[in-house]
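Working notes, beginning with the structure itself.
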Amino acid sequence: MPVHDLGYRKWSGVRADQFLRPLVIARGGISLILKRRWLRVLLVLAWLPVVLPALGIFAFEFSSTEPDMQRMIVSTVSGPLGRPDLGALILADPESARHEVWSTLILAYFRYPQLFAMVGLIGLIAPLLISYDLRTKAYLMYFSRPLSPTQYIVGKSAVIWFFLAVVATVPALLLYVMGVLLSPDLSVIAQTWDIPLRIVAASVVLVLPTTTLAVVYSSLTAESRYATFAWFATWAMGFVAYQFLTFTTAAMSGRRPPRRRRGPVNWEEYGVDLDRWRLLSPYHTLGKVEAWVFGLDTTAASVVPAIGVLAGITVIGFWIVHRRIVARLSV
């Protein structure tokens with residue numbers, strides 16, 4: 001019988017487990033992206049800021065015997081990190097301050113250099129994932145296999161999860177390990193055992209909503225440059241809107257805060273409500289929840305709306321992407 005007369009034949013071979021199928025998509029996406037030299041350079045550069053909190057932990061662990069180190073860590077947490085109360089605690093009782101110092105330094109790592117690295121990294125990777133498949137119709141090849149839209153979305157998202165874990169989660173965990181090794185004895189683990197769990201939780205807070213938002217933009221257009229523009233515009237416009245709406249109150253009040261030798265301005269002395277417009281900015285919303293995860297923000301009532309927004313972005317975003325994929329397959 002000629003080959004073209006055989007018709008459809010059911011696959012009789014062994015199929016991969018349905019929970020492992022997204023890994024095939026993720027592995028292919030990761031290998032293709034790693035072939036880009038500029039991305040490998042970006043990953044190396046994204047690791048460089050880990051030196052700063054590492055120096056902070058080093059200075060704290062040697063502060064009890066080295067006065068210069070003590071002055072350095074106290075100056076850092078009291079000035080740039082805006083925690084003069086923590087600086088006073090370091091001088092009074094370094095042992096009881098260890099957990100909070102480590103958490104503050106690791107949160108600063110998540111909050112500043114790695115959050116900006118995340119925005120740049122996702123902005124360069126995510127638009128290529130689904131937009132490229134839509135433009136080239138490569139999704140038809142994926143769905144010619146026993147693959148569901150959910151597995152396809154998870155596989156594409158896992159590509160971003162992998163790279164974010166490389167530049168955020170892994171360095172933060174290494175910071176914790178370094179802190180344990182620098183400590184005088186292993187009893188420090190009993191004081192800080194929960195920090196690795198908080199690092200993982202903060203990584204989830206960072207990864208899930210940001211990845212979902214980026215994948216949504218990538219699924220809405222076949223032109224990756226539009227998805228890239230929408231991604232960066234969301235972060236830039238949200239940040240500017242928050243700064244403008246929040247601190248306009250201070251400018252219109254006509255009051256001046258007391259002069260300070262060092263440290264950030266206490267905007268509450270202006271009568272500024274820092275939570276009022278926070279949800280407009282993904283950057284500040286993520287920072288609020290991450291600070292709560294690390295136990296450094298105890299105002300649970302103001303954290304709940306931020307958690308709700310991030311959860312809403314994740315759930316609604318997944319629904320939009322799923323709907324877009326199903327609509328393509330229905331044509």
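By convention here, the chains of the structure tokens are called A, B, ... in the order presented, each chain's residues are numbered starting at 1, and ligands are numbered starting at 1 in the order presented.
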
Excluding stretch 218-231 of chain A and residues on its chain fewer than 2 positions from it, collect all residues at most 8 Å away from it, counting only C-alpha atoms, and give them as a PDB file with N, CA and C atoms, in the first residue's frame.
ATOM      1  N   GLY A 123      12.223  41.303  29.910  1.00  0.00           N
ATOM      2  CA  GLY A 123      11.901  42.118  28.746  1.00  0.00           C
ATOM      3  C   GLY A 123      12.604  41.666  27.489  1.00  0.00           C
ATOM      4  N   LEU A 124      13.748  41.019  27.626  1.00  0.00           N
ATOM      5  CA  LEU A 124      14.485  40.539  26.462  1.00  0.00           C
ATOM      6  C   LEU A 124      14.129  39.099  26.084  1.00  0.00           C
ATOM      7  N   ALA A 126      11.029  37.122  27.355  1.00  0.00           N
ATOM      8  CA  ALA A 126       9.622  36.727  27.280  1.00  0.00           C
ATOM      9  C   ALA A 126       8.950  37.021  25.944  1.00  0.00           C
ATOM     10  N   PRO A 127       9.157  38.206  25.338  1.00  0.00           N
ATOM     11  CA  PRO A 127       8.466  38.468  24.073  1.00  0.00           C
ATOM     12  C   PRO A 127       8.812  37.473  22.969  1.00  0.00           C
ATOM     13  N   LEU A 128       9.944  36.802  23.083  1.00  0.00           N
ATOM     14  CA  LEU A 128      10.341  35.850  22.049  1.00  0.00           C
ATOM     15  C   LEU A 128       9.644  34.499  22.206  1.00  0.00           C
ATOM     16  N   LEU A 129       9.028  34.254  23.353  1.00  0.00           N
ATOM     17  CA  LEU A 129       8.524  32.920  23.628  1.00  0.00           C
ATOM     18  C   LEU A 129       7.262  32.587  22.843  1.00  0.00           C
ATOM     19  N   ILE A 130       6.197  33.344  23.058  1.00  0.00           N
ATOM     20  CA  ILE A 130       4.927  33.052  22.393  1.00  0.00           C
ATOM     21  C   ILE A 130       4.757  33.890  21.135  1.00  0.00           C
ATOM     22  N   SER A 131       5.197  35.152  21.155  1.00  0.00           N
ATOM     23  CA  SER A 131       5.078  36.004  19.967  1.00  0.00           C
ATOM     24  C   SER A 131       5.756  35.359  18.760  1.00  0.00           C
ATOM     25  N   TYR A 132       6.927  34.795  19.002  1.00  0.00           N
ATOM     26  CA  TYR A 132       7.658  34.154  17.903  1.00  0.00           C
ATOM     27  C   TYR A 132       6.877  32.945  17.379  1.00  0.00           C
ATOM     28  N   ASP A 133       6.277  32.162  18.279  1.00  0.00           N
ATOM     29  CA  ASP A 133       5.488  31.005  17.843  1.00  0.00           C
ATOM     30  C   ASP A 133       4.263  31.433  17.053  1.00  0.00           C
ATOM     31  N   LEU A 134       3.643  32.552  17.454  1.00  0.00           N
ATOM     32  CA  LEU A 134       2.477  33.042  16.734  1.00  0.00           C
ATOM     33  C   LEU A 134       2.853  33.542  15.333  1.00  0.00           C
ATOM     34  N   ARG A 135       3.989  34.211  15.262  1.00  0.00           N
ATOM     35  CA  ARG A 135       4.401  34.765  13.965  1.00  0.00           C
ATOM     36  C   ARG A 135       4.821  33.672  12.986  1.00  0.00           C
ATOM     37  N   ALA A 214       4.372  39.051  31.605  1.00  0.00           N
ATOM     38  CA  ALA A 214       5.193  39.071  30.397  1.00  0.00           C
ATOM     39  C   ALA A 214       4.653  38.115  29.344  1.00  0.00           C
ATOM     40  N   VAL A 215       4.195  36.945  29.768  1.00  0.00           N
ATOM     41  CA  VAL A 215       3.649  35.969  28.824  1.00  0.00           C
ATOM     42  C   VAL A 215       2.338  36.478  28.230  1.00  0.00           C
ATOM     43  N   VAL A 216       1.554  37.199  29.024  1.00  0.00           N
ATOM     44  CA  VAL A 216       0.326  37.801  28.487  1.00  0.00           C
ATOM     45  C   VAL A 216       0.652  38.754  27.346  1.00  0.00           C
ATOM     46  N   ALA A 233       7.076  49.606  29.365  1.00  0.00           N
ATOM     47  CA  ALA A 233       6.188  50.746  29.627  1.00  0.00           C
ATOM     48  C   ALA A 233       5.394  50.530  30.908  1.00  0.00           C
ATOM     49  N   THR A 234       4.972  49.301  31.170  1.00  0.00           N
ATOM     50  CA  THR A 234       4.219  49.009  32.400  1.00  0.00           C
ATOM     51  C   THR A 234       5.028  49.355  33.637  1.00  0.00           C
ATOM     52  N   TRP A 235       6.290  48.961  33.655  1.00  0.00           N
ATOM     53  CA  TRP A 235       7.130  49.224  34.821  1.00  0.00           C
ATOM     54  C   TRP A 235       7.488  50.699  34.931  1.00  0.00           C
ATOM     55  N   VAL A 321      -3.928  34.128  28.580  1.00  0.00           N
ATOM     56  CA  VAL A 321      -3.015  33.394  27.703  1.00  0.00           C
ATOM     57  C   VAL A 321      -3.664  32.090  27.241  1.00  0.00           C
ATOM     58  N   ARG A 324      -6.180  32.829  24.593  1.00  0.00           N
ATOM     59  CA  ARG A 324      -5.546  33.188  23.326  1.00  0.00           C
ATOM     60  C   ARG A 324      -5.041  31.947  22.579  1.00  0.00           C
ATOM     61  N   ILE A 325      -4.449  31.013  23.302  1.00  0.00           N
ATOM     62  CA  ILE A 325      -3.943  29.791  22.667  1.00  0.00           C
ATOM     63  C   ILE A 325      -5.083  28.946  22.127  1.00  0.00           C
TER      64      ILE A 325
END

Exercise for the section: Would you list the contacts of stretch 33-49 of chain A as a list in words, taking every protein, DNA or RNA residue within 7 Å and counting only C-alpha atoms, but skipping same-chain residues closer than 2 positions in sequence? Expected result: Gly29, Ile30, Ser31, Val51, Leu52, Pro113, Ala117 and Val167 of chain A

Practice task
Write out as a list in words which residues come within 12 Å of A:Ala190 when counting only C-alpha atoms, dropping same-chain ones fewer than 4 positions away.
Solution key: Glu95, Arg98, His99, Val180, Asp185, Leu186, Asp194 and Ile195 of chain A

Exercise for the section: Pick out each residue of stretch 66-168 of chain A that DSSP on the backbone tags as helix (DSSP H, G or I); I need them as a PyMOL selection string. Expected result: chain A and resi 67-78+84-92+94-111+113-128+130-136+139-142+149-168

Problem - Surrounding residues of A:Gly308 excluding itself and chain neighbours under 5 positions, 12 Å, only C-alpha atoms, as a VMD selection string - result: chain A and resid 205 209 279 285 to 286 289 301 to 303 313 to 316

Keeping all heavy atoms for every residue in the selection just given, could you write it to a file as a tab-separated table (two decimals), in the first residue's frame?
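Writing done, so here's selection-v3.tsv:
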chain	number	residue	atom	x	y	z
A	205	VAL	N	7.00	35.04	44.93
A	205	VAL	CA	6.30	36.33	44.82
A	205	VAL	C	6.83	37.12	43.62
A	205	VAL	O	6.07	37.79	42.91
A	205	VAL	CB	6.47	37.14	46.11
A	205	VAL	CG1	5.99	38.58	45.93
A	205	VAL	CG2	5.71	36.48	47.25
A	209	PRO	N	3.88	36.42	39.27
A	209	PRO	CA	3.12	37.49	38.59
A	209	PRO	C	3.90	38.15	37.46
A	209	PRO	O	3.30	38.51	36.43
A	209	PRO	CB	2.84	38.48	39.72
A	209	PRO	CG	3.86	38.20	40.76
A	209	PRO	CD	4.16	36.75	40.67
A	279	LEU	N	-0.40	50.40	44.60
A	279	LEU	CA	-0.85	49.35	43.69
A	279	LEU	C	-0.75	49.75	42.23
A	279	LEU	O	-0.89	48.89	41.34
A	279	LEU	CB	-2.30	48.96	44.02
A	279	LEU	CG	-2.52	48.44	45.45
A	279	LEU	CD1	-3.97	48.02	45.63
A	279	LEU	CD2	-1.58	47.28	45.77
A	285	THR	N	4.63	47.47	44.54
A	285	THR	CA	3.76	46.41	45.03
A	285	THR	C	4.57	45.17	45.38
A	285	THR	O	4.38	44.55	46.43
A	285	THR	CB	2.70	46.06	43.97
A	285	THR	OG1	1.93	47.24	43.66
A	285	THR	CG2	1.76	44.99	44.48
A	286	LEU	N	5.49	44.79	44.50
A	286	LEU	CA	6.36	43.65	44.79
A	286	LEU	C	7.21	43.91	46.03
A	286	LEU	O	7.40	43.02	46.87
A	286	LEU	CB	7.27	43.37	43.59
A	286	LEU	CG	6.66	42.60	42.42
A	286	LEU	CD1	7.63	42.59	41.24
A	286	LEU	CD2	6.33	41.17	42.82
A	289	VAL	N	5.22	43.31	49.30
A	289	VAL	CA	4.97	41.91	49.65
A	289	VAL	C	6.27	41.21	50.03
A	289	VAL	O	6.30	40.40	50.97
A	289	VAL	CB	4.28	41.19	48.48
A	289	VAL	CG1	4.04	39.72	48.83
A	289	VAL	CG2	2.95	41.86	48.14
A	301	ALA	N	-2.36	44.56	57.29
A	301	ALA	CA	-3.56	45.11	56.65
A	301	ALA	C	-3.23	45.77	55.31
A	301	ALA	O	-3.99	45.66	54.34
A	301	ALA	CB	-4.24	46.11	57.57
A	302	SER	N	-2.08	46.45	55.21
A	302	SER	CA	-1.72	47.11	53.97
A	302	SER	C	-1.07	46.16	52.98
A	302	SER	O	-0.93	46.50	51.80
A	302	SER	CB	-0.76	48.27	54.26
A	302	SER	OG	0.44	47.80	54.86
A	303	VAL	N	-0.66	44.97	53.44
A	303	VAL	CA	-0.05	43.99	52.54
A	303	VAL	C	-1.11	43.21	51.77
A	303	VAL	O	-0.88	42.80	50.63
A	303	VAL	CB	0.86	43.03	53.34
A	303	VAL	CG1	1.35	41.89	52.46
A	303	VAL	CG2	2.04	43.79	53.91
A	313	ILE	N	-3.15	39.25	39.03
A	313	ILE	CA	-2.36	39.28	37.79
A	313	ILE	C	-2.02	37.86	37.35
A	313	ILE	O	-2.10	37.52	36.16
A	313	ILE	CB	-1.08	40.10	38.00
A	313	ILE	CG1	-1.42	41.58	38.15
A	313	ILE	CG2	-0.10	39.90	36.84
A	313	ILE	CD1	-0.23	42.45	38.50
A	314	THR	N	-1.65	37.01	38.31
A	314	THR	CA	-1.27	35.64	37.98
A	314	THR	C	-2.44	34.84	37.43
A	314	THR	O	-2.34	34.20	36.38
A	314	THR	CB	-0.69	34.93	39.22
A	314	THR	OG1	0.42	35.69	39.72
A	314	THR	CG2	-0.23	33.53	38.88
A	315	VAL	N	-3.58	34.89	38.12
A	315	VAL	CA	-4.74	34.08	37.73
A	315	VAL	C	-5.37	34.61	36.44
A	315	VAL	O	-5.61	33.85	35.48
A	315	VAL	CB	-5.78	34.05	38.88
A	315	VAL	CG1	-7.05	33.34	38.42
A	315	VAL	CG2	-5.19	33.37	40.10
A	316	ILE	N	-5.65	35.91	36.41
A	316	ILE	CA	-6.29	36.48	35.22
A	316	ILE	C	-5.35	36.40	34.02
A	316	ILE	O	-5.79	36.13	32.89
A	316	ILE	CB	-6.71	37.93	35.50
A	316	ILE	CG1	-7.76	37.97	36.61
A	316	ILE	CG2	-7.26	38.59	34.23
A	316	ILE	CD1	-8.13	39.36	37.06

Problem - Selection near A:Phe239, 8 Å with only C-alpha atoms, sequence-local residues under 6 positions removed, as a PyMOL selection string - result: chain A and resi 280-284

Suppose we keep all heavy atoms; can you now write the selection as a PDB file, in the first residue's frame?
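So out18.pdb came out as:
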ATOM      1  N   LEU A 280      -0.494  51.026  41.950  1.00  0.00           N
ATOM      2  CA  LEU A 280      -0.309  51.452  40.562  1.00  0.00           C
ATOM      3  C   LEU A 280       1.052  51.032  40.028  1.00  0.00           C
ATOM      4  O   LEU A 280       1.250  50.987  38.807  1.00  0.00           O
ATOM      5  CB  LEU A 280      -0.440  52.980  40.453  1.00  0.00           C
ATOM      6  CG  LEU A 280      -1.805  53.577  40.754  1.00  0.00           C
ATOM      7  CD1 LEU A 280      -1.725  55.095  40.678  1.00  0.00           C
ATOM      8  CD2 LEU A 280      -2.858  53.044  39.789  1.00  0.00           C
ATOM      9  N   SER A 281       1.987  50.749  40.901  1.00  0.00           N
ATOM     10  CA  SER A 281       3.360  50.456  40.505  1.00  0.00           C
ATOM     11  C   SER A 281       3.703  49.002  40.808  1.00  0.00           C
ATOM     12  O   SER A 281       3.734  48.607  41.977  1.00  0.00           O
ATOM     13  CB  SER A 281       4.339  51.381  41.240  1.00  0.00           C
ATOM     14  OG  SER A 281       5.672  50.982  41.014  1.00  0.00           O
ATOM     15  N   PRO A 282       3.973  48.186  39.793  1.00  0.00           N
ATOM     16  CA  PRO A 282       4.407  46.802  40.061  1.00  0.00           C
ATOM     17  C   PRO A 282       5.660  46.748  40.921  1.00  0.00           C
ATOM     18  O   PRO A 282       5.798  45.866  41.763  1.00  0.00           O
ATOM     19  CB  PRO A 282       4.669  46.241  38.657  1.00  0.00           C
ATOM     20  CG  PRO A 282       3.851  47.080  37.735  1.00  0.00           C
ATOM     21  CD  PRO A 282       3.831  48.451  38.352  1.00  0.00           C
ATOM     22  N   TYR A 283       6.569  47.700  40.718  1.00  0.00           N
ATOM     23  CA  TYR A 283       7.816  47.719  41.482  1.00  0.00           C
ATOM     24  C   TYR A 283       7.540  47.869  42.974  1.00  0.00           C
ATOM     25  O   TYR A 283       8.056  47.109  43.804  1.00  0.00           O
ATOM     26  CB  TYR A 283       8.692  48.864  40.988  1.00  0.00           C
ATOM     27  CG  TYR A 283       9.946  49.091  41.810  1.00  0.00           C
ATOM     28  CD1 TYR A 283      11.074  48.301  41.609  1.00  0.00           C
ATOM     29  CD2 TYR A 283       9.991  50.075  42.794  1.00  0.00           C
ATOM     30  CE1 TYR A 283      12.222  48.493  42.368  1.00  0.00           C
ATOM     31  CE2 TYR A 283      11.138  50.279  43.549  1.00  0.00           C
ATOM     32  CZ  TYR A 283      12.252  49.484  43.332  1.00  0.00           C
ATOM     33  OH  TYR A 283      13.382  49.676  44.097  1.00  0.00           O
ATOM     34  N   HIS A 284       6.729  48.832  43.347  1.00  0.00           N
ATOM     35  CA  HIS A 284       6.458  49.087  44.761  1.00  0.00           C
ATOM     36  C   HIS A 284       5.519  48.033  45.356  1.00  0.00           C
ATOM     37  O   HIS A 284       5.614  47.726  46.546  1.00  0.00           O
ATOM     38  CB  HIS A 284       5.857  50.483  44.931  1.00  0.00           C
ATOM     39  CG  HIS A 284       6.814  51.581  44.579  1.00  0.00           C
ATOM     40  ND1 HIS A 284       6.905  52.110  43.311  1.00  0.00           N
ATOM     41  CD2 HIS A 284       7.745  52.229  45.322  1.00  0.00           C
ATOM     42  CE1 HIS A 284       7.840  53.049  43.291  1.00  0.00           C
ATOM     43  NE2 HIS A 284       8.359  53.142  44.488  1.00  0.00           N
TER      44      HIS A 284
END
